[in-house]
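This report concerns only the one structure given below.
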Amino acid sequence: MDRVVGTSGRIAFASAMRNLLADVYPGHDHAELVRRVFEVLGLPIEGEGPEPCEKYLRKWDQRDAFLITYGDSIQQDGKKGLQSLGEFHRKWLKDWLTGIHILPFHPFTSDDGFSVSDFSQLRTELGDWGDVEDLAKHGTVMADLVANHISASHPWYQQFLAGEKPGVDYIKTASLADDLSDVVRPRSHELLNHVVTKDGEKQVWCTFSYDQVDLDYGNPDVFFEMLRVVLNYLKHGVRVVRLDAIGFIWKEVGTKPINLDQPHKLIKAMRLACNALYPDVLFITETNLPLLENLSYFGNQDEAHLIYNFSLPPVIIHALLSGRSDYIRKCIMAMPPAPAGCTFFNFTASHDGIGLRPAENLIPDDDIDGLREHAIRMGGQVSYRALKGGGQKPYELNVTLFSMLAENFAGESKMGLERFVMSQAIAMSLEGIPAIYVQTILATENDQKAFEETGIPRRLNRKIWPLAEAERALTEDGPAKSAFD
């Protein structure tokens, strides 16, 4: 589809962008912010310009479905990770999984990719931008923008420590005197990390870990930096951008702070800007929140095109383990039809395990405890989040879907494969785009060895498969072949 241009389009685009950025950055020169948007896009500030609204809202149909995978989940001697992944996808999956979500592929220092140390290139062992472009020739590629934080090894953070531009102005800090008691986050360590910089002692905001330092979106320069990152993805064939942890990017003392108004406005601005050059781009928000808060990221059909249906995994799993349909029925009844130009991203498992926070208000605490106890019994682990006033609550079950469903709550194992297949049938029957994790494709059991070697619970659900072994799983008698024949 062609970008619609004209003088009236330029004026309308500039006005829409100005309104969004003025709401987020009221103390800044709004005309200058708009000028910088045009500069980053490489478009003239005068003359012809883009329309502010998307003319074509339907960018998917009933044929679309996604594979979720790390770039090195499938490996082959002598080939880069994305080359092996591409070969596996083209040979076995491309006819029914039209898209490929490649989890973070940049150099990183922790959290299996979600602590990025360099946004400009790919990890050497995965390949390069040309390999991303090759994947895009055979499917729709989704890539992660790790939006909330960077690695402590990233040049911006090193500049922050040294008191140098631009990084000195890019990192979120706070004071020990600030009231941060309402901060909601999925970790139990202390929020602020005390560091010594050239400019003195600082308290660095670290939502997820001390190796993942939060960016300060109160500085519009950070927004422009991340816009450049996204445009580079799109330049190399990516067409779906996953906004990781996007609800956490704006911090205000005295608030939760999650799901504030500013992230919504910045998503809209990012979408508006990118659509000017790439009208087929899609944005999906990774907002692991209760249902109603998650739905807010559709905006007024001008924010996320897709939202993760995070409530699905826990309610599907509970129904299959208990034989009861009350919670899954409650979930589906509470899910309104998606607005035009928007839809749900339906999945049953992902690289992060089974999130429990989206099940709040759907599954009572006693039954959440039942899921937690069952995951442990099936060889899994449980991650917790801290509660205001002390204590903690289960946040995530670290276990593969196949292992979780191998037995039901009563300990019966005869129908494990049937439960596993049914979980996929339910997700595929609902409104939205189905997404299947590579470990589900291969009916992977818990990778206890990887967990024991690293002590990282999520490694239970992140097995690395040699290509030949993955192909045997799909062709020789066993659960993977039985499930997906």
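Following the order of the structure tokens, first chain is A, next is B, and so on, with residues numbered from 1 inside each chain and ligands from 1 in the order they appear.
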
Using DSSP secondary structure from the backbone, list all strand (DSSP E) positions within stretch 180-280 of chain A, as an NGL selection string. :A and (192-197 or 200-205 or 212-214 or 238-244)

Under the rule of at most 10 Å, produce a per-residue listing of stretch 252-325 of chain A near stretch 15-20 of chain A: chain, number, name, the closest pair of atoms, and the distance in Å, as JSON lines, using only C-alpha atoms.
{"residue": "A:Gln262", "atom": "CA", "partner": "A:Leu20", "partner_atom": "CA", "distance": 9.2}
{"residue": "A:His264", "atom": "CA", "partner": "A:Leu20", "partner_atom": "CA", "distance": 9.5}
{"residue": "A:Lys265", "atom": "CA", "partner": "A:Leu20", "partner_atom": "CA", "distance": 5.8}
{"residue": "A:Leu266", "atom": "CA", "partner": "A:Leu20", "partner_atom": "CA", "distance": 7.4}
{"residue": "A:Ile267", "atom": "CA", "partner": "A:Leu20", "partner_atom": "CA", "distance": 9.7}
{"residue": "A:Lys268", "atom": "CA", "partner": "A:Leu20", "partner_atom": "CA", "distance": 7.6}
{"residue": "A:Ala269", "atom": "CA", "partner": "A:Met17", "partner_atom": "CA", "distance": 6.2}
{"residue": "A:Met270", "atom": "CA", "partner": "A:Met17", "partner_atom": "CA", "distance": 9.4}
{"residue": "A:Leu272", "atom": "CA", "partner": "A:Met17", "partner_atom": "CA", "distance": 7.4}
{"residue": "A:Ala273", "atom": "CA", "partner": "A:Met17", "partner_atom": "CA", "distance": 8.0}

Among stretch 97-249 of chain A, which residues carry a DSSP assignment of helix (DSSP H, G or I), reported as a VMD selection string? chain A and resid 111 to 113 129 to 136 155 to 162 167 to 169 220 to 235 246 to 248

Could you check which of A:Leu321, A:Asn446, A:Ala65, A:Glu360 is closest to A:Ser413, using only C-alpha atoms? A:Leu321

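For A:Val34, the set of protein, DNA and RNA residues having any atom at most 7 Å away, when counting only C-alpha atoms and skipping those fewer than 3 positions along the same chain, is Ala14, Met17, Arg18, His30, Ala31, Val37 and Phe38 of chain A.
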
Store the residues picked out above, limited to all heavy atoms, as a CSV table (one decimal), in the first residue's frame.
chain,number,residue,atom,x,y,z
A,14,ALA,N,1.5,16.8,11.4
A,14,ALA,CA,2.3,17.6,12.4
A,14,ALA,C,1.4,18.0,13.5
A,14,ALA,O,1.8,18.0,14.7
A,14,ALA,CB,2.8,18.8,11.7
A,17,MET,N,0.9,14.9,15.8
A,17,MET,CA,2.1,14.6,16.5
A,17,MET,C,2.3,15.6,17.6
A,17,MET,O,2.7,15.3,18.8
A,17,MET,CB,3.3,14.5,15.6
A,17,MET,CG,4.6,14.1,16.2
A,17,MET,SD,4.5,12.4,16.9
A,17,MET,CE,4.5,11.5,15.4
A,18,ARG,N,2.1,16.9,17.3
A,18,ARG,CA,2.2,18.0,18.3
A,18,ARG,C,1.3,17.7,19.5
A,18,ARG,O,1.8,17.9,20.6
A,18,ARG,CB,1.9,19.3,17.6
A,18,ARG,CG,2.1,20.5,18.6
A,18,ARG,CD,1.6,21.8,17.9
A,18,ARG,NE,1.7,22.9,18.8
A,18,ARG,CZ,2.7,23.8,18.8
A,18,ARG,NH1,3.6,23.8,17.8
A,18,ARG,NH2,2.7,24.8,19.7
A,30,HIS,N,7.1,22.6,21.7
A,30,HIS,CA,6.4,21.5,20.9
A,30,HIS,C,6.7,21.6,19.4
A,30,HIS,O,6.7,20.5,18.7
A,30,HIS,CB,4.9,21.6,21.2
A,30,HIS,CG,4.7,21.5,22.7
A,30,HIS,ND1,3.7,22.2,23.4
A,30,HIS,CD2,5.3,20.8,23.7
A,30,HIS,CE1,3.7,22.0,24.7
A,30,HIS,NE2,4.7,21.1,24.9
A,31,ALA,N,6.9,22.8,18.9
A,31,ALA,CA,7.2,22.9,17.5
A,31,ALA,C,8.5,22.3,17.2
A,31,ALA,O,8.7,21.6,16.2
A,31,ALA,CB,7.2,24.4,17.1
A,37,VAL,N,10.8,15.1,14.9
A,37,VAL,CA,10.1,13.9,14.3
A,37,VAL,C,10.4,13.8,12.8
A,37,VAL,O,10.8,12.8,12.3
A,37,VAL,CB,8.6,13.9,14.7
A,37,VAL,CG1,7.9,12.7,13.9
A,37,VAL,CG2,8.4,13.7,16.2
A,38,PHE,N,10.1,14.9,12.1
A,38,PHE,CA,10.3,15.0,10.7
A,38,PHE,C,11.8,14.7,10.4
A,38,PHE,O,12.1,14.0,9.4
A,38,PHE,CB,9.9,16.3,10.1
A,38,PHE,CG,8.5,16.5,9.8
A,38,PHE,CD1,7.6,16.8,10.8
A,38,PHE,CD2,8.0,16.2,8.6
A,38,PHE,CE1,6.2,16.9,10.6
A,38,PHE,CE2,6.6,16.3,8.3
A,38,PHE,CZ,5.7,16.7,9.3

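Atom CA of A:Ser296 lies 25.0 Å from atom CA of A:Val238.
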
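Proximity to A:Asp261 was assessed for A:Ile317, A:Gly237, A:Ser73, A:Ile246 counting only C-alpha atoms; the smallest distance is recorded for A:Ile246.
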
Need to verify the contact set: A:Glu373, 12 Å, only C-alpha atoms, exclusion of same-chain residues closer than 3 positions in sequence. Can you return it as a ChimeraX atom specification? /A:366-370,376-382,394,397-399,404,408-409

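Shell of A:Gly218 at 12 Å, with only C-alpha atoms counted and residues fewer than 5 places along the chain excluded, is Leu21, Asp23, Val24, Tyr25, Pro26, Gly27, His28, Asp169, Tyr170, Ile171, Lys172, Thr173, Phe223, Phe224, Ile249, Trp250, Lys251, Glu252, Gln262, Pro263 and Leu266 of chain A.
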
Output C-alpha atoms for every residue in the selection just made, as a PDB file, in the first residue's frame.
ATOM      1  CA  LEU A  21       4.002  15.123  22.401  1.00  0.00           C
ATOM      2  CA  ASP A  23       0.618  16.109  26.441  1.00  0.00           C
ATOM      3  CA  VAL A  24       3.704  14.084  27.352  1.00  0.00           C
ATOM      4  CA  TYR A  25       6.222  16.953  27.402  1.00  0.00           C
ATOM      5  CA  PRO A  26       4.310  20.109  28.417  1.00  0.00           C
ATOM      6  CA  GLY A  27       7.462  22.025  29.389  1.00  0.00           C
ATOM      7  CA  HIS A  28       9.189  21.645  26.026  1.00  0.00           C
ATOM      8  CA  ASP A 169      20.618  12.503  30.735  1.00  0.00           C
ATOM      9  CA  TYR A 170      19.110   9.159  29.688  1.00  0.00           C
ATOM     10  CA  ILE A 171      18.973   7.180  32.951  1.00  0.00           C
ATOM     11  CA  LYS A 172      16.098   7.314  35.441  1.00  0.00           C
ATOM     12  CA  THR A 173      17.114   8.142  38.996  1.00  0.00           C
ATOM     13  CA  PHE A 223      11.906   8.753  22.804  1.00  0.00           C
ATOM     14  CA  PHE A 224      13.747   9.874  19.677  1.00  0.00           C
ATOM     15  CA  ILE A 249       8.444   3.295  30.874  1.00  0.00           C
ATOM     16  CA  TRP A 250       7.021   6.354  32.658  1.00  0.00           C
ATOM     17  CA  LYS A 251       7.795   6.908  36.342  1.00  0.00           C
ATOM     18  CA  GLU A 252       6.162   9.393  38.695  1.00  0.00           C
ATOM     19  CA  GLN A 262       2.205   8.939  29.096  1.00  0.00           C
ATOM     20  CA  PRO A 263       3.123   5.444  27.783  1.00  0.00           C
ATOM     21  CA  LEU A 266       4.155   7.679  23.357  1.00  0.00           C
TER      22      LEU A 266
END

Report the closest atom pair, with its distance in Å rounded to one decimal, for each residue of stretch 131-222 of chain A that has an atom no farther than 10 Å from stretch 86-94 of chain A; count only C-alpha atoms, sort by chain and then rising residue number, and write it as a Markdown table.
| residue | atom | partner | partner_atom | distance |
| --- | --- | --- | --- | --- |
| A:Asp131 | CA | A:Gly86 | CA | 8.7 |
| A:Val132 | CA | A:Gly86 | CA | 9.3 |
| A:Asp134 | CA | A:Gly86 | CA | 8.1 |
| A:Leu135 | CA | A:Gly86 | CA | 6.0 |
| A:Ala136 | CA | A:Gly86 | CA | 9.6 |
| A:His138 | CA | A:Arg90 | CA | 7.3 |
| A:Gly139 | CA | A:Lys94 | CA | 7.2 |

Put those residues in a file: all heavy atoms, as a PDB file, in the first residue's frame.
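The new file again_20.pdb reads:
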ATOM      1  N   ASP A 131      20.345 -11.512   7.567  1.00  0.00           N
ATOM      2  CA  ASP A 131      19.613 -12.732   7.923  1.00  0.00           C
ATOM      3  C   ASP A 131      18.183 -12.412   8.340  1.00  0.00           C
ATOM      4  O   ASP A 131      17.264 -13.202   8.095  1.00  0.00           O
ATOM      5  CB  ASP A 131      20.352 -13.473   9.040  1.00  0.00           C
ATOM      6  CG  ASP A 131      21.702 -14.007   8.589  1.00  0.00           C
ATOM      7  OD1 ASP A 131      21.743 -14.712   7.569  1.00  0.00           O
ATOM      8  OD2 ASP A 131      22.713 -13.695   9.241  1.00  0.00           O
ATOM      9  N   VAL A 132      17.978 -11.253   8.975  1.00  0.00           N
ATOM     10  CA  VAL A 132      16.618 -10.813   9.289  1.00  0.00           C
ATOM     11  C   VAL A 132      15.852 -10.561   7.994  1.00  0.00           C
ATOM     12  O   VAL A 132      14.683 -10.964   7.846  1.00  0.00           O
ATOM     13  CB  VAL A 132      16.644  -9.541  10.160  1.00  0.00           C
ATOM     14  CG1 VAL A 132      15.221  -9.021  10.395  1.00  0.00           C
ATOM     15  CG2 VAL A 132      17.342  -9.811  11.488  1.00  0.00           C
ATOM     16  N   ASP A 134      16.345 -11.948   5.133  1.00  0.00           N
ATOM     17  CA  ASP A 134      16.049 -13.234   4.503  1.00  0.00           C
ATOM     18  C   ASP A 134      14.824 -13.887   5.144  1.00  0.00           C
ATOM     19  O   ASP A 134      13.972 -14.459   4.438  1.00  0.00           O
ATOM     20  CB  ASP A 134      17.253 -14.169   4.611  1.00  0.00           C
ATOM     21  CG  ASP A 134      18.383 -13.780   3.662  1.00  0.00           C
ATOM     22  OD1 ASP A 134      18.124 -13.023   2.705  1.00  0.00           O
ATOM     23  OD2 ASP A 134      19.527 -14.219   3.900  1.00  0.00           O
ATOM     24  N   LEU A 135      14.732 -13.839   6.466  1.00  0.00           N
ATOM     25  CA  LEU A 135      13.548 -14.381   7.133  1.00  0.00           C
ATOM     26  C   LEU A 135      12.289 -13.657   6.677  1.00  0.00           C
ATOM     27  O   LEU A 135      11.228 -14.266   6.503  1.00  0.00           O
ATOM     28  CB  LEU A 135      13.693 -14.254   8.656  1.00  0.00           C
ATOM     29  CG  LEU A 135      14.600 -15.250   9.365  1.00  0.00           C
ATOM     30  CD1 LEU A 135      14.723 -14.871  10.842  1.00  0.00           C
ATOM     31  CD2 LEU A 135      14.080 -16.665   9.236  1.00  0.00           C
ATOM     32  N   ALA A 136      12.400 -12.344   6.479  1.00  0.00           N
ATOM     33  CA  ALA A 136      11.241 -11.537   6.096  1.00  0.00           C
ATOM     34  C   ALA A 136      10.744 -11.871   4.695  1.00  0.00           C
ATOM     35  O   ALA A 136       9.601 -11.526   4.354  1.00  0.00           O
ATOM     36  CB  ALA A 136      11.588 -10.054   6.198  1.00  0.00           C
ATOM     37  N   HIS A 138      10.127 -14.808   3.710  1.00  0.00           N
ATOM     38  CA  HIS A 138       9.311 -16.021   3.815  1.00  0.00           C
ATOM     39  C   HIS A 138       8.248 -15.935   4.909  1.00  0.00           C
ATOM     40  O   HIS A 138       7.490 -16.884   5.113  1.00  0.00           O
ATOM     41  CB  HIS A 138      10.211 -17.232   4.074  1.00  0.00           C
ATOM     42  CG  HIS A 138      11.248 -17.430   3.016  1.00  0.00           C
ATOM     43  ND1 HIS A 138      10.986 -18.010   1.793  1.00  0.00           N
ATOM     44  CD2 HIS A 138      12.569 -17.093   2.987  1.00  0.00           C
ATOM     45  CE1 HIS A 138      12.089 -18.044   1.061  1.00  0.00           C
ATOM     46  NE2 HIS A 138      13.069 -17.495   1.766  1.00  0.00           N
ATOM     47  N   GLY A 139       8.205 -14.826   5.634  1.00  0.00           N
ATOM     48  CA  GLY A 139       7.206 -14.679   6.689  1.00  0.00           C
ATOM     49  C   GLY A 139       7.257 -13.284   7.266  1.00  0.00           C
ATOM     50  O   GLY A 139       8.180 -12.507   6.985  1.00  0.00           O
TER      51      GLY A 139
END

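The space separating atom CA of A:Glu225 from atom CA of A:Arg242 comes to 16.5 Å.
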
Given only C-alpha atoms as the basis, pick out the residue of A:Glu412, A:Asp77, A:Asp144, A:Asp61 nearest to A:Gly341. A:Asp61

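Comparing A:Gln62, A:Ser188, A:Thr124, A:Ser482 by their smallest distance to A:Lys388, the closest is A:Ser188 (using only C-alpha atoms).
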
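Atom CA of A:Arg329 to atom CA of A:Ile316 spans 9.7 Å [interatomic distance, one decimal].
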
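For the set A:Asn193, A:Thr400, A:Asn232, A:Ser117, the residue with the smallest atom-to-atom gap to A:Asp447 is A:Thr400, counting only C-alpha atoms.
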
Write out as a PyMOL selection string the residues lying within 10 Å of A:His318, counting only C-alpha atoms and excluding same-chain residues fewer than 3 positions away. chain A and resi 312-315+321-328+363+367-368+370-371+405+408-409

Given the selection you just returned, output its residues as a file containing C-alpha atoms, formatted as a PDB file, in the first residue's frame.
ATOM      1  CA  LEU A 312      -5.609 -17.112  28.310  1.00  0.00           C
ATOM      2  CA  PRO A 313      -2.756 -19.383  29.505  1.00  0.00           C
ATOM      3  CA  PRO A 314      -3.726 -19.570  33.190  1.00  0.00           C
ATOM      4  CA  VAL A 315      -7.475 -19.981  32.568  1.00  0.00           C
ATOM      5  CA  LEU A 321      -6.318 -29.557  34.953  1.00  0.00           C
ATOM      6  CA  SER A 322      -9.505 -29.186  36.978  1.00  0.00           C
ATOM      7  CA  GLY A 323     -12.165 -30.195  34.460  1.00  0.00           C
ATOM      8  CA  ARG A 324     -14.023 -26.962  35.289  1.00  0.00           C
ATOM      9  CA  SER A 325     -14.939 -24.260  32.782  1.00  0.00           C
ATOM     10  CA  ASP A 326     -16.071 -21.463  35.109  1.00  0.00           C
ATOM     11  CA  TYR A 327     -12.895 -19.347  34.981  1.00  0.00           C
ATOM     12  CA  ILE A 328     -12.253 -19.730  31.273  1.00  0.00           C
ATOM     13  CA  ILE A 363      -9.115 -17.027  39.307  1.00  0.00           C
ATOM     14  CA  ASP A 367      -7.023 -21.770  42.912  1.00  0.00           C
ATOM     15  CA  ILE A 368      -3.952 -19.726  41.977  1.00  0.00           C
ATOM     16  CA  GLY A 370      -3.454 -24.808  43.271  1.00  0.00           C
ATOM     17  CA  LEU A 371      -1.768 -23.921  39.999  1.00  0.00           C
ATOM     18  CA  LEU A 405      -0.422 -30.627  31.484  1.00  0.00           C
ATOM     19  CA  ASN A 408      -4.193 -33.171  36.061  1.00  0.00           C
ATOM     20  CA  PHE A 409      -4.869 -31.966  39.588  1.00  0.00           C
TER      21      PHE A 409
END

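Among the candidate residues A:Thr343, A:Ser8, A:Gln75, A:Ser153, the one lying nearest to A:Leu282 is A:Thr343, with distances computed using only C-alpha atoms.
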